[in-house]
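The next block is final-v4.tsv, given as TSV, C-alpha atoms.
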chain	number	residue	atom	x	y	z
A	609	MET	CA	47.65	50.49	64.76
A	610	THR	CA	51.30	50.23	65.77
A	611	PHE	CA	50.83	46.66	66.97
A	612	GLY	CA	49.24	45.70	63.65
A	613	LEU	CA	52.13	47.26	61.73
A	614	ILE	CA	54.60	45.32	63.88
A	615	VAL	CA	52.80	42.06	63.06
A	616	VAL	CA	52.97	42.90	59.33
A	617	ILE	CA	56.72	43.58	59.62
A	618	ALA	CA	57.26	40.26	61.39
A	619	LEU	CA	55.34	38.38	58.69
A	620	LEU	CA	57.19	40.12	55.86
A	621	VAL	CA	60.61	39.42	57.38
A	622	GLY	CA	59.59	35.83	58.12
A	623	MET	CA	58.47	35.27	54.52
A	624	LEU	CA	61.99	36.10	53.34
A	625	GLY	CA	63.15	32.89	54.98
A	626	VAL	CA	65.47	34.50	57.50
A	627	PRO	CA	66.19	32.75	60.84
A	628	LEU	CA	63.70	33.11	63.67
A	629	PHE	CA	66.02	35.19	65.85
A	630	ALA	CA	66.38	37.71	63.01
A	631	VAL	CA	62.60	37.92	62.62
A	632	ILE	CA	62.18	38.56	66.35
A	633	GLY	CA	65.12	40.98	66.52
A	634	THR	CA	63.98	43.00	63.49
A	635	THR	CA	60.45	43.17	64.86
A	636	ALA	CA	61.77	44.38	68.22
A	637	LEU	CA	63.89	47.10	66.62
A	638	ALA	CA	60.97	48.25	64.46
A	639	SER	CA	58.76	48.36	67.55
A	640	PHE	CA	61.13	50.67	69.43
A	641	PHE	CA	61.79	52.82	66.35
A	642	LEU	CA	58.12	53.31	65.44
A	643	ASN	CA	57.30	54.34	68.98
A	644	ASP	CA	60.41	56.48	69.51
A	645	ILE	CA	61.45	54.47	72.58
A	646	ASP	CA	65.02	54.08	73.81
A	647	PRO	CA	65.85	50.34	73.60
A	648	SER	CA	68.74	50.57	76.07
A	649	ALA	CA	66.50	49.30	78.89
A	650	VAL	CA	66.54	45.88	77.22
A	651	SER	CA	70.24	45.50	78.02
A	652	VAL	CA	69.35	45.57	81.72
A	653	GLU	CA	66.98	42.62	81.22
A	654	ILE	CA	69.63	40.71	79.26
A	655	TYR	CA	72.17	41.33	82.01
A	656	ARG	CA	69.69	40.18	84.66
A	657	LEU	CA	69.04	36.96	82.80
A	658	SER	CA	72.67	36.29	81.89
A	659	SER	CA	73.72	36.71	85.53
A	660	ALA	CA	71.17	34.17	86.78
A	661	PRO	CA	73.05	31.16	88.23
A	662	THR	CA	70.52	28.70	86.80
A	663	LEU	CA	71.33	29.79	83.22
A	664	LEU	CA	74.46	27.64	83.47
A	665	THR	CA	72.32	24.51	83.77
A	666	ILE	CA	71.17	24.76	80.13
A	667	PRO	CA	74.53	24.04	78.44
A	668	LEU	CA	75.56	21.51	81.10
A	669	PHE	CA	72.41	19.36	80.94
A	670	THR	CA	72.35	19.65	77.13
A	671	PHE	CA	75.94	18.45	76.89
A	672	ALA	CA	75.20	15.51	79.21
A	673	GLY	CA	72.11	14.53	77.21
A	674	TYR	CA	73.96	14.60	73.89
A	675	ILE	CA	76.76	12.43	75.31
A	676	MET	CA	74.21	9.82	76.41
A	677	ALA	CA	72.45	9.90	73.05
A	678	GLU	CA	75.71	9.34	71.15
A	679	SER	CA	76.94	6.55	73.43
A	680	GLY	CA	75.73	3.01	73.91
A	681	ALA	CA	73.41	4.14	76.71
A	682	PRO	CA	70.21	3.82	74.61
A	683	LYS	CA	70.87	0.12	73.89
A	684	ARG	CA	71.82	-0.67	77.49
A	685	LEU	CA	68.81	1.11	78.95
A	686	VAL	CA	66.40	-0.44	76.45
A	687	ARG	CA	67.83	-3.88	77.27
A	688	PHE	CA	67.32	-3.35	81.02
A	689	ALA	CA	63.83	-1.89	80.64
A	690	ASP	CA	62.91	-4.77	78.32
A	691	ALA	CA	64.07	-7.31	80.90
A	692	LEU	CA	62.11	-5.47	83.60
A	693	MET	CA	58.83	-4.87	81.74
A	694	GLY	CA	59.07	-6.67	78.41
A	695	TRP	CA	57.08	-9.67	79.69
A	696	LEU	CA	53.95	-7.48	80.06
A	697	PRO	CA	51.47	-7.32	77.16
A	698	GLY	CA	52.79	-4.43	75.11
A	699	GLY	CA	55.78	-4.35	77.44
A	700	VAL	CA	58.26	-3.48	74.71
A	701	ALA	CA	56.24	-0.35	73.93
A	702	ILE	CA	56.18	0.59	77.62
A	703	VAL	CA	59.97	0.17	77.60
A	704	GLY	CA	60.14	2.61	74.70
A	705	LEU	CA	57.99	5.16	76.52
A	706	VAL	CA	60.09	5.07	79.68
A	707	VAL	CA	63.46	5.21	77.93
A	708	SER	CA	62.31	7.94	75.53
A	709	ALA	CA	61.06	10.04	78.46
A	710	PHE	CA	64.41	9.54	80.19
A	711	PHE	CA	66.37	10.78	77.18
A	712	THR	CA	64.09	13.69	76.35
A	713	ALA	CA	64.28	14.88	79.97
A	714	PHE	CA	68.06	15.13	79.70
A	715	THR	CA	68.41	16.41	76.13
A	716	GLY	CA	65.33	18.65	76.06
A	717	ALA	CA	65.06	18.00	72.33
A	718	SER	CA	62.62	15.47	70.91
A	719	GLY	CA	64.52	15.30	67.62
A	720	VAL	CA	67.53	13.86	69.41
A	721	THR	CA	65.34	11.20	71.05
A	722	ILE	CA	63.72	10.15	67.77
A	723	VAL	CA	67.08	9.92	66.02
A	724	ALA	CA	68.84	8.16	68.92
A	725	LEU	CA	66.08	5.71	69.84
A	726	GLY	CA	63.82	5.56	66.79
A	727	GLY	CA	66.06	3.28	64.77
A	728	LEU	CA	66.54	1.07	67.82
A	729	LEU	CA	62.86	0.78	68.77
A	730	TYR	CA	61.40	0.41	65.26
A	731	PRO	CA	62.64	-3.16	64.53
A	732	ILE	CA	61.93	-4.26	68.11
A	733	LEU	CA	58.31	-3.10	67.95
A	734	LYS	CA	57.85	-4.63	64.50
A	735	ASP	CA	59.30	-7.95	65.67
A	736	GLU	CA	56.83	-7.93	68.56
A	737	GLY	CA	53.96	-7.77	66.07
A	738	PHE	CA	52.91	-4.14	66.41
A	739	SER	CA	51.45	-2.69	63.22
A	740	GLU	CA	53.32	-0.20	61.05
A	741	LYS	CA	50.75	2.47	61.91
A	742	PHE	CA	51.10	1.96	65.65
A	743	THR	CA	54.91	1.82	65.48
A	744	MET	CA	55.30	5.05	63.53
A	745	GLY	CA	52.77	6.90	65.70
A	746	PHE	CA	54.42	5.54	68.84
A	747	ILE	CA	57.95	6.63	67.92
A	748	THR	CA	56.77	10.05	66.74
A	749	THR	CA	54.84	10.65	69.97
A	750	SER	CA	57.36	9.24	72.43
A	751	GLY	CA	60.00	11.60	71.06
A	752	SER	CA	58.56	14.49	73.07
A	753	LEU	CA	57.70	12.59	76.26
A	754	GLY	CA	59.81	13.58	79.21
A	755	LEU	CA	59.66	17.36	78.83
A	756	LEU	CA	57.80	17.55	82.16
A	757	PHE	CA	60.44	15.56	84.05
A	758	PRO	CA	63.55	17.03	85.69
A	759	PRO	CA	66.06	18.13	84.56
A	760	SER	CA	64.13	19.14	81.42
A	761	LEU	CA	65.60	22.15	79.60
A	762	PRO	CA	62.19	23.68	78.80
A	763	ILE	CA	61.32	23.64	82.52
A	764	ILE	CA	64.56	25.45	83.37
A	765	LEU	CA	64.04	27.99	80.60
A	766	TYR	CA	60.43	28.57	81.62
A	767	GLY	CA	61.52	29.19	85.20
A	768	LEU	CA	64.11	31.72	84.05
A	769	VAL	CA	61.72	33.60	81.78
A	770	ALA	CA	58.71	33.53	84.13
A	771	LYS	CA	60.81	34.02	87.31
A	772	VAL	CA	59.31	30.90	88.88
A	773	ASP	CA	61.19	28.59	91.26
A	774	ILE	CA	62.73	25.85	89.08
A	775	ASP	CA	62.83	23.32	91.95
A	776	GLU	CA	59.06	23.76	92.36
A	777	LEU	CA	58.55	23.30	88.60
A	778	PHE	CA	60.57	20.09	88.68
A	779	LYS	CA	58.28	18.68	91.37
A	780	ALA	CA	55.12	19.96	89.70
A	781	GLY	CA	55.80	18.18	86.41
A	782	ILE	CA	56.25	14.68	87.83
A	783	VAL	CA	52.60	13.66	88.33
A	784	PRO	CA	51.33	15.12	85.01
A	785	GLY	CA	54.30	13.54	83.24
A	786	VAL	CA	53.53	10.15	84.77
A	787	LEU	CA	49.88	10.55	83.70
A	788	LEU	CA	50.91	11.01	80.06
A	789	ILE	CA	53.13	7.93	80.15
A	790	LEU	CA	50.51	5.86	81.99
A	791	VAL	CA	47.77	6.62	79.45
A	792	LEU	CA	50.06	5.81	76.51
A	793	ALA	CA	51.25	2.66	78.33
A	794	LEU	CA	47.66	1.45	78.70
A	795	TRP	CA	47.10	2.09	74.99
A	796	SER	CA	50.26	0.12	74.23
A	797	MET	CA	49.11	-2.76	76.43
A	798	LYS	CA	45.78	-2.80	74.62
A	799	ASN	CA	47.58	-3.11	71.31
A	800	GLY	CA	50.05	-5.56	72.80
A	801	VAL	CA	47.34	-7.93	74.05
A	802	ALA	CA	46.04	-8.43	70.54
A	803	ARG	CA	49.40	-8.63	68.78
A	804	THR	CA	52.09	-9.92	71.07
A	805	GLU	CA	52.82	-13.37	72.49
A	806	LYS	CA	53.50	-13.46	76.20
A	807	VAL	CA	57.18	-13.61	77.17
A	808	SER	CA	58.27	-15.05	80.51
A	809	PHE	CA	60.16	-12.99	83.07
A	810	ASP	CA	63.91	-13.77	83.09
A	811	LYS	CA	65.73	-12.99	86.33
A	812	VAL	CA	69.14	-13.79	84.87
A	813	GLU	CA	68.69	-11.34	81.99
A	814	LEU	CA	67.32	-8.69	84.36
A	815	LEU	CA	70.40	-8.95	86.58
A	816	ALA	CA	72.80	-8.96	83.63
A	817	SER	CA	71.16	-5.95	81.98
A	818	PHE	CA	71.06	-4.13	85.32
A	819	LYS	CA	74.80	-4.60	85.76
A	820	ALA	CA	75.40	-3.44	82.19
A	821	CYS	CA	73.75	-0.05	82.73
A	822	PHE	CA	74.27	0.32	86.50
A	823	PHE	CA	76.24	3.58	86.32
A	824	GLU	CA	73.69	5.21	83.99
A	825	LEU	CA	70.77	4.15	86.19
A	826	LEU	CA	72.41	5.88	89.14
A	827	LEU	CA	72.32	9.26	87.41
A	828	PRO	CA	68.66	10.34	87.89
A	829	PHE	CA	68.69	9.21	91.52
A	830	ALA	CA	71.92	11.11	92.20
A	831	VAL	CA	70.69	14.28	90.47
A	832	LEU	CA	67.22	14.37	92.02
A	833	GLY	CA	68.45	13.16	95.39
A	834	GLY	CA	71.06	15.89	95.44
A	835	ILE	CA	68.59	18.64	94.52
A	836	TYR	CA	65.70	17.65	96.77
A	837	GLY	CA	67.94	16.42	99.57
A	838	GLY	CA	69.36	19.92	99.85
A	839	ILE	CA	72.86	18.66	99.03
A	840	THR	CA	73.28	20.52	95.72
A	841	THR	CA	71.69	23.39	93.84
A	842	VAL	CA	70.29	22.87	90.35
A	843	SER	CA	73.44	24.40	88.84
A	844	GLU	CA	75.72	22.16	90.89
A	845	ALA	CA	73.63	19.13	89.91
A	846	ALA	CA	74.01	20.09	86.24
A	847	ALA	CA	77.80	20.34	86.59
A	848	PHE	CA	77.91	16.99	88.36
A	849	THR	CA	75.73	15.39	85.66
A	850	ALA	CA	77.95	16.61	82.82
A	851	PHE	CA	81.17	15.49	84.54
A	852	TYR	CA	79.73	12.17	85.70
A	853	ILE	CA	78.30	11.13	82.34
A	854	LEU	CA	81.50	12.20	80.56
A	855	CYS	CA	83.56	9.94	82.84
A	856	VAL	CA	81.09	7.04	82.59
A	857	GLU	CA	80.82	7.00	78.79
A	858	CYS	CA	84.48	7.77	78.05
A	859	PHE	CA	86.36	5.90	80.78
A	860	ILE	CA	84.05	3.20	82.20
A	861	TYR	CA	82.04	2.02	79.19
A	862	LYS	CA	84.53	3.53	76.70
A	863	ASP	CA	81.78	4.10	74.12
A	864	LEU	CA	83.19	7.49	73.21
A	865	SER	CA	86.65	8.81	72.52
A	866	LEU	CA	87.67	11.93	74.38
A	867	ARG	CA	89.60	13.12	71.32
A	868	LYS	CA	87.46	11.96	68.40
A	869	ASP	CA	83.85	12.03	69.67
A	870	ILE	CA	83.61	14.61	72.45
A	871	PRO	CA	84.63	17.66	70.32
A	872	LYS	CA	81.87	16.80	67.81
A	873	ILE	CA	79.33	16.39	70.62
A	874	ILE	CA	80.39	19.72	72.13
A	875	ILE	CA	79.79	21.46	68.80
A	876	GLU	CA	76.37	19.83	68.27
A	877	SER	CA	75.11	20.43	71.80
A	878	MET	CA	76.40	23.98	72.06
A	879	THR	CA	74.88	24.81	68.67
A	880	LEU	CA	71.49	24.07	70.24
A	881	VAL	CA	72.37	26.12	73.32
A	882	GLY	CA	73.60	29.01	71.15
A	883	ALA	CA	70.34	28.97	69.19
A	884	ILE	CA	68.36	29.13	72.43
A	885	LEU	CA	70.43	32.02	73.82
A	886	ILE	CA	70.37	34.15	70.67
A	887	ILE	CA	66.59	33.73	70.40
A	888	LEU	CA	66.35	34.58	74.09
A	889	CYS	CA	68.29	37.83	73.70
A	890	CYS	CA	66.34	38.94	70.64
A	891	ALA	CA	63.00	37.97	72.17
A	892	LEU	CA	63.70	39.95	75.34
A	893	GLY	CA	63.61	43.13	73.30
A	894	LEU	CA	60.26	42.31	71.72
A	895	THR	CA	58.59	41.05	74.88
A	896	ASN	CA	59.95	43.98	76.87
A	897	PHE	CA	58.32	46.37	74.40
A	898	LEU	CA	55.00	44.46	74.40
A	899	VAL	CA	54.86	44.38	78.19
A	900	ASP	CA	55.81	48.07	78.52
A	901	GLU	CA	53.11	48.98	76.01
A	902	GLU	CA	50.64	46.87	78.06
A	903	VAL	CA	49.76	44.71	75.06
A	904	PRO	CA	48.85	41.70	77.29
A	905	MET	CA	46.40	43.85	79.21
A	906	GLN	CA	44.93	45.22	75.99
A	907	ILE	CA	44.39	41.66	74.79
A	908	PHE	CA	42.86	40.81	78.16
A	909	GLU	CA	40.45	43.74	77.92
A	910	ALA	CA	39.46	42.67	74.40
A	911	MET	CA	38.81	39.14	75.66
A	912	ARG	CA	36.88	40.24	78.74
A	913	GLY	CA	33.56	40.41	76.94
A	914	VAL	CA	33.95	36.92	75.49
A	915	ILE	CA	35.88	35.06	78.21
A	916	THR	CA	34.37	35.64	81.63
A	917	ASP	CA	35.99	32.98	83.84
A	918	LYS	CA	39.27	31.14	84.18
A	919	TYR	CA	37.92	27.87	82.79
A	920	ALA	CA	37.00	29.54	79.51
A	921	PHE	CA	40.40	31.27	79.54
A	922	LEU	CA	42.17	27.93	80.03
A	923	LEU	CA	40.25	26.46	77.09
A	924	PHE	CA	41.23	29.41	74.91
A	925	LEU	CA	44.82	29.14	76.16
A	926	ASN	CA	45.00	25.43	75.27
A	927	VAL	CA	43.81	26.02	71.72
A	928	PHE	CA	46.20	28.94	71.30
A	929	LEU	CA	49.19	27.04	72.68
A	930	LEU	CA	48.51	23.96	70.58
A	931	VAL	CA	48.71	26.16	67.50
A	932	VAL	CA	51.86	27.85	68.81
A	933	GLY	CA	53.41	24.49	69.68
A	934	SER	CA	52.82	23.15	66.19
A	935	LEU	CA	54.36	26.24	64.56
A	936	MET	CA	57.31	27.08	66.83
A	937	ASP	CA	59.94	25.08	68.68
A	938	ILE	CA	59.37	24.90	72.41
A	939	PHE	CA	62.30	27.16	73.35
A	940	SER	CA	61.18	30.00	71.08
A	941	ALA	CA	57.58	29.64	72.25
A	942	ILE	CA	58.60	29.89	75.91
A	943	ILE	CA	60.70	32.99	75.35
A	944	VAL	CA	58.17	34.83	73.18
A	945	VAL	CA	54.78	33.77	74.57
A	946	VAL	CA	55.29	33.32	78.33
A	947	PRO	CA	55.73	37.04	79.18
A	948	LEU	CA	52.51	37.79	77.29
A	949	ILE	CA	50.27	35.24	79.00
A	950	LEU	CA	51.58	35.65	82.56
A	951	PRO	CA	49.67	38.88	83.35
A	952	MET	CA	46.48	37.56	81.74
A	953	ALA	CA	46.69	34.33	83.74
A	954	ALA	CA	47.24	36.36	86.91
A	955	GLU	CA	44.01	38.28	86.22
A	956	PHE	CA	42.13	34.96	86.25
A	957	ASP	CA	43.91	33.85	89.44
A	958	ILE	CA	45.67	30.89	87.84
A	959	HIS	CA	48.53	29.53	89.93
A	960	PRO	CA	51.86	30.27	88.16
A	961	ILE	CA	53.10	26.69	88.70
A	962	HIS	CA	49.89	25.22	87.28
A	963	LEU	CA	50.12	27.62	84.34
A	964	ALA	CA	53.68	26.43	83.66
A	965	ILE	CA	52.67	22.77	83.50
A	966	VAL	CA	49.67	23.52	81.27
A	967	PHE	CA	51.93	25.59	79.02
A	968	LEU	CA	54.63	22.91	78.74
A	969	THR	CA	52.11	20.08	78.23
A	970	ASN	CA	50.52	22.00	75.38
A	971	LEU	CA	53.84	22.55	73.66
A	972	GLU	CA	54.80	18.91	74.20
A	973	ILE	CA	51.61	17.87	72.41
A	974	GLY	CA	52.23	20.54	69.77
A	975	TYR	CA	55.20	18.49	68.57
A	976	ILE	CA	52.78	15.96	67.03
A	977	THR	CA	49.93	18.33	66.11
A	978	PRO	CA	49.28	18.52	62.34
A	979	PRO	CA	50.01	20.10	59.99
A	980	VAL	CA	53.50	21.24	61.02
A	981	GLY	CA	54.31	19.55	64.35
A	982	ILE	CA	58.10	19.16	64.30
A	983	ASN	CA	58.11	15.49	65.39
A	984	LEU	CA	56.02	14.60	62.36
A	985	PHE	CA	58.66	15.99	60.02
A	986	ILE	CA	61.58	14.48	61.95
A	987	SER	CA	60.00	11.01	61.79
A	988	SER	CA	59.12	11.51	58.14
A	989	ILE	CA	62.77	12.25	57.33
A	990	ARG	CA	64.20	9.63	59.71
A	991	PHE	CA	62.06	6.76	58.41
A	992	LYS	CA	61.49	8.04	54.86
A	993	ARG	CA	57.69	8.04	55.16
A	994	PRO	CA	55.20	10.51	53.63
A	995	ILE	CA	54.17	13.19	56.11
A	996	THR	CA	50.50	12.33	55.55
A	997	GLU	CA	51.20	8.80	56.79
A	998	LEU	CA	52.64	10.26	59.99
A	999	TYR	CA	49.50	12.38	60.41
A	1000	ARG	CA	47.31	9.27	60.37
A	1001	SER	CA	49.66	7.23	62.58
A	1002	SER	CA	49.85	9.92	65.27
A	1003	LEU	CA	46.14	10.76	65.51
A	1004	PRO	CA	45.22	8.10	68.15
A	1005	PHE	CA	48.15	9.22	70.31
A	1006	LEU	CA	47.24	12.88	69.82
A	1007	PHE	CA	43.67	12.18	70.92
A	1008	LEU	CA	44.87	10.41	74.09
A	1009	LEU	CA	47.28	13.22	74.94
A	1010	LEU	CA	44.53	15.81	74.48
A	1011	ILE	CA	42.42	13.92	77.03
A	1012	CYS	CA	45.39	14.05	79.42
A	1013	LEU	CA	45.79	17.76	78.70
A	1014	ALA	CA	42.17	18.39	79.67
A	1015	ILE	CA	42.70	16.53	82.96
A	1016	ILE	CA	45.93	18.40	83.72
A	1017	THR	CA	44.31	21.74	82.85
A	1018	TYR	CA	41.13	21.38	84.88
A	1019	VAL	CA	42.55	19.39	87.81
A	1020	PRO	CA	45.27	21.74	89.08
A	1021	ALA	CA	45.85	19.51	92.10
A	1022	LEU	CA	47.91	17.20	89.85
A	1023	SER	CA	50.41	19.98	89.21
A	1024	LEU	CA	50.31	21.40	92.73
A	1025	LEU	CA	50.43	18.12	94.64
A	1026	TRP	CA	54.02	18.57	95.86
A	1027	VAL	CA	54.19	22.34	95.59
A	1028	LYS	CA	54.37	24.37	98.79
In structure tokens, write the structure found in this file.
Amino acid sequence: MTFGLIVVIALLVGMLGVPLFAVIGTTALASFFLNDIDPSAVSVEIYRLSSAPTLLTIPLFTFAGYIMAESGAPKRLVRFADALMGWLPGGVAIVGLVVSAFFTAFTGASGVTIVALGGLLYPILKDEGFSEKFTMGFITTSGSLGLLFPPSLPIILYGLVAKVDIDELFKAGIVPGVLLILVLALWSMKNGVARTEKVSFDKVELLASFKACFFELLLPFAVLGGIYGGITTVSEAAAFTAFYILCVECFIYKDLSLRKDIPKIIIESMTLVGAILIILCCALGLTNFLVDEEVPMQIFEAMRGVITDKYAFLLFLNVFLLVVGSLMDIFSAIIVVVPLILPMAAEFDIHPIHLAIVFLTNLEIGYITPPVGINLFISSIRFKRPITELYRSSLPFLFLLLICLAIITYVPALSLLWVK
């Protein structure tokens, strides 16, 4: 009864158009008030989270990603990737997939990737002969690729909320992430064979483009090498990344002005970080109440008669998360939903690392899931296209990603390949 009343309160507050953190915060306060529970225990959880060393990585990696998106890095990296793979059938599209994944991994926000790379990739793909439908679906989909690759913000946030080793999550996401890109690359090659003339490989252009983006290409190797080589922690790698990319873009390439551009980038990037943190604090109250009241276990008991094994549970979880991913941004979904599904997944003996990758893959696909996947609306606004056109354009890509999701879900070895 109380739980139902709490849901009604959340819906009523949400219908007033107030921000998400206010909806969650109001619902949490109502939950404690209706049950006559002292909410002071939540402050302990907030302190525990705020004192976690890895929390610092969120603003640092976000700042670095925004600097790269605002600089000339997208053009330089696209040029190099084009010289490296553009001669393949559909090679330009493969270039777009790789570069988009790179940017999304560092920014953690697909909207930034679509805005930063969409306008750059659109004319290139059209010039190569790809159809309007393919191009729009491609850009919309590629905007969320990379969320499974380090140093992805959603991975870090998931690790903090679920209390899972972030280094292990970084390793676990690599193979599933490569699978997603590989499947979409094959689809791009299929379209490229029919529509694109073959371009010869140019060693001179490859060398020139490599030199042009040399310092930016070093970054992922330095970050990952430092973390997995035992040289730096994740937090130290984040600090290095922010400082390194600031120096590269402001003093080596001189794309950005330290006085004119960097303050604006700081405001934009920290606005995203602030939104994540305020949602996190408000959500801790609600999830703490739900866990204390054993709501996850009550849901589990209600499901027990219908769902009898972990494979059926995983199917149910996928459907549920696809809906969540299409309705909520990935950061809010992680903060609100993860504490609820963890105990249920444990009852079905699902490995916490595998669960994390399934969770993040679902939310990545949720970005392009109709009717309200956020990438669909971002592309609609960015390219001034009707949202229904984006639905149709993204459907082939959505179908392919769902196939990949099924493989990732029911072949846990892909996620656990490099996990101890």
Using all atoms of segment 696-710 of chain A listed in the file and a margin of 4 Å per side, can you give the axis-aligned box centre and edge lengths in Å to one decimal, as JSON?
{"center_x": 57.9, "center_y": 1.3, "center_z": 77.1, "size_x": 20.9, "size_y": 25.5, "size_z": 14.3}
Hey, which of A:Leu1008, A:Leu792, A:Ala920, A:Ile763 ends up closest to Ala953 of chain A? Count only C-alpha atoms.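 Closest candidate: A:Ala920.
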Best match for closeness to Leu880 of chain A among A:Ala689, A:Leu814, A:Ile835, A:Leu761, counting all atoms listed in the file: A:Leu761
Quick one: pull the distance between atom CA of Ala793 of chain A and atom CA of Thr977 of chain A, Å, one decimal. 19.9 Å
Closest to Glu678 of chain A among A:Asp863, A:Asp917, A:Pro978, A:Ile949, using all atoms listed in the file? A:Asp863
Atomic separation - atom CA of Met878 of chain A relative to atom CA of Leu729 of chain A, Å: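 Spanning atom CA of Leu729 of chain A to atom CA of Met878 of chain A is a straight-line distance of 27.1 Å.
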Ala681 of chain A: which residues within 9 Å, counting all atoms listed in the file, same-chain residues fewer than 5 positions away excluded, as a PyMOL selection string? chain A and resi 676+686+821+824+857+863
Can you tell me which residues surround Ala847 of chain A at a distance of at most 9 Å, considering only C-alpha atoms, apart from same-chain residues fewer than 3 positions away, and format the answer as a ChimeraX atom specification? /A:664-665,668-669,842-844,850-852
Kindly provide, as a VMD selection string, the polymer residues lying within 8 Å of (41.5, 37.6, 83.4), counting all atoms listed in the file and using the coordinates exactly as they appear in the file. chain A and resid 908 912 916 to 918 921 952 to 957
Complete the atoms of segment 968-982 of chain A to N, CA and C atoms and put them out as a PDB file, keeping the file's coordinate frame.
ATOM      1  N   LEU A 968      53.655  23.882  79.237  1.00  0.00           N
ATOM      2  CA  LEU A 968      54.630  22.910  78.740  1.00  0.00           C
ATOM      3  C   LEU A 968      53.952  21.665  78.164  1.00  0.00           C
ATOM      4  N   THR A 969      52.847  21.241  78.765  1.00  0.00           N
ATOM      5  CA  THR A 969      52.110  20.080  78.230  1.00  0.00           C
ATOM      6  C   THR A 969      51.564  20.395  76.849  1.00  0.00           C
ATOM      7  N   ASN A 970      51.020  21.585  76.677  1.00  0.00           N
ATOM      8  CA  ASN A 970      50.520  22.000  75.380  1.00  0.00           C
ATOM      9  C   ASN A 970      51.606  21.957  74.314  1.00  0.00           C
ATOM     10  N   LEU A 971      52.762  22.508  74.650  1.00  0.00           N
ATOM     11  CA  LEU A 971      53.840  22.550  73.660  1.00  0.00           C
ATOM     12  C   LEU A 971      54.409  21.155  73.400  1.00  0.00           C
ATOM     13  N   GLU A 972      54.383  20.304  74.412  1.00  0.00           N
ATOM     14  CA  GLU A 972      54.800  18.910  74.200  1.00  0.00           C
ATOM     15  C   GLU A 972      53.878  18.224  73.203  1.00  0.00           C
ATOM     16  N   ILE A 973      52.575  18.455  73.336  1.00  0.00           N
ATOM     17  CA  ILE A 973      51.610  17.870  72.410  1.00  0.00           C
ATOM     18  C   ILE A 973      51.711  18.537  71.037  1.00  0.00           C
ATOM     19  N   GLY A 974      52.084  19.828  71.030  1.00  0.00           N
ATOM     20  CA  GLY A 974      52.230  20.540  69.770  1.00  0.00           C
ATOM     21  C   GLY A 974      53.234  19.916  68.835  1.00  0.00           C
ATOM     22  N   TYR A 975      54.189  19.162  69.384  1.00  0.00           N
ATOM     23  CA  TYR A 975      55.200  18.490  68.570  1.00  0.00           C
ATOM     24  C   TYR A 975      54.579  17.485  67.583  1.00  0.00           C
ATOM     25  N   ILE A 976      53.399  16.944  67.928  1.00  0.00           N
ATOM     26  CA  ILE A 976      52.780  15.960  67.030  1.00  0.00           C
ATOM     27  C   ILE A 976      51.442  16.455  66.468  1.00  0.00           C
ATOM     28  N   THR A 977      51.191  17.766  66.597  1.00  0.00           N
ATOM     29  CA  THR A 977      49.930  18.330  66.110  1.00  0.00           C
ATOM     30  C   THR A 977      50.066  18.719  64.634  1.00  0.00           C
ATOM     31  N   PRO A 978      49.237  18.140  63.749  1.00  0.00           N
ATOM     32  CA  PRO A 978      49.280  18.520  62.340  1.00  0.00           C
ATOM     33  C   PRO A 978      48.882  19.987  62.187  1.00  0.00           C
ATOM     34  N   PRO A 979      49.284  20.674  61.126  1.00  0.00           N
ATOM     35  CA  PRO A 979      50.010  20.100  59.990  1.00  0.00           C
ATOM     36  C   PRO A 979      51.525  20.198  60.087  1.00  0.00           C
ATOM     37  N   VAL A 980      52.052  20.995  61.045  1.00  0.00           N
ATOM     38  CA  VAL A 980      53.500  21.240  61.020  1.00  0.00           C
ATOM     39  C   VAL A 980      54.195  20.905  62.334  1.00  0.00           C
ATOM     40  N   GLY A 981      53.630  19.986  63.139  1.00  0.00           N
ATOM     41  CA  GLY A 981      54.310  19.550  64.350  1.00  0.00           C
ATOM     42  C   GLY A 981      55.687  18.995  64.002  1.00  0.00           C
ATOM     43  N   ILE A 982      56.720  19.452  64.705  1.00  0.00           N
ATOM     44  CA  ILE A 982      58.100  19.160  64.300  1.00  0.00           C
ATOM     45  C   ILE A 982      58.426  17.663  64.342  1.00  0.00           C
TER      46      ILE A 982
END
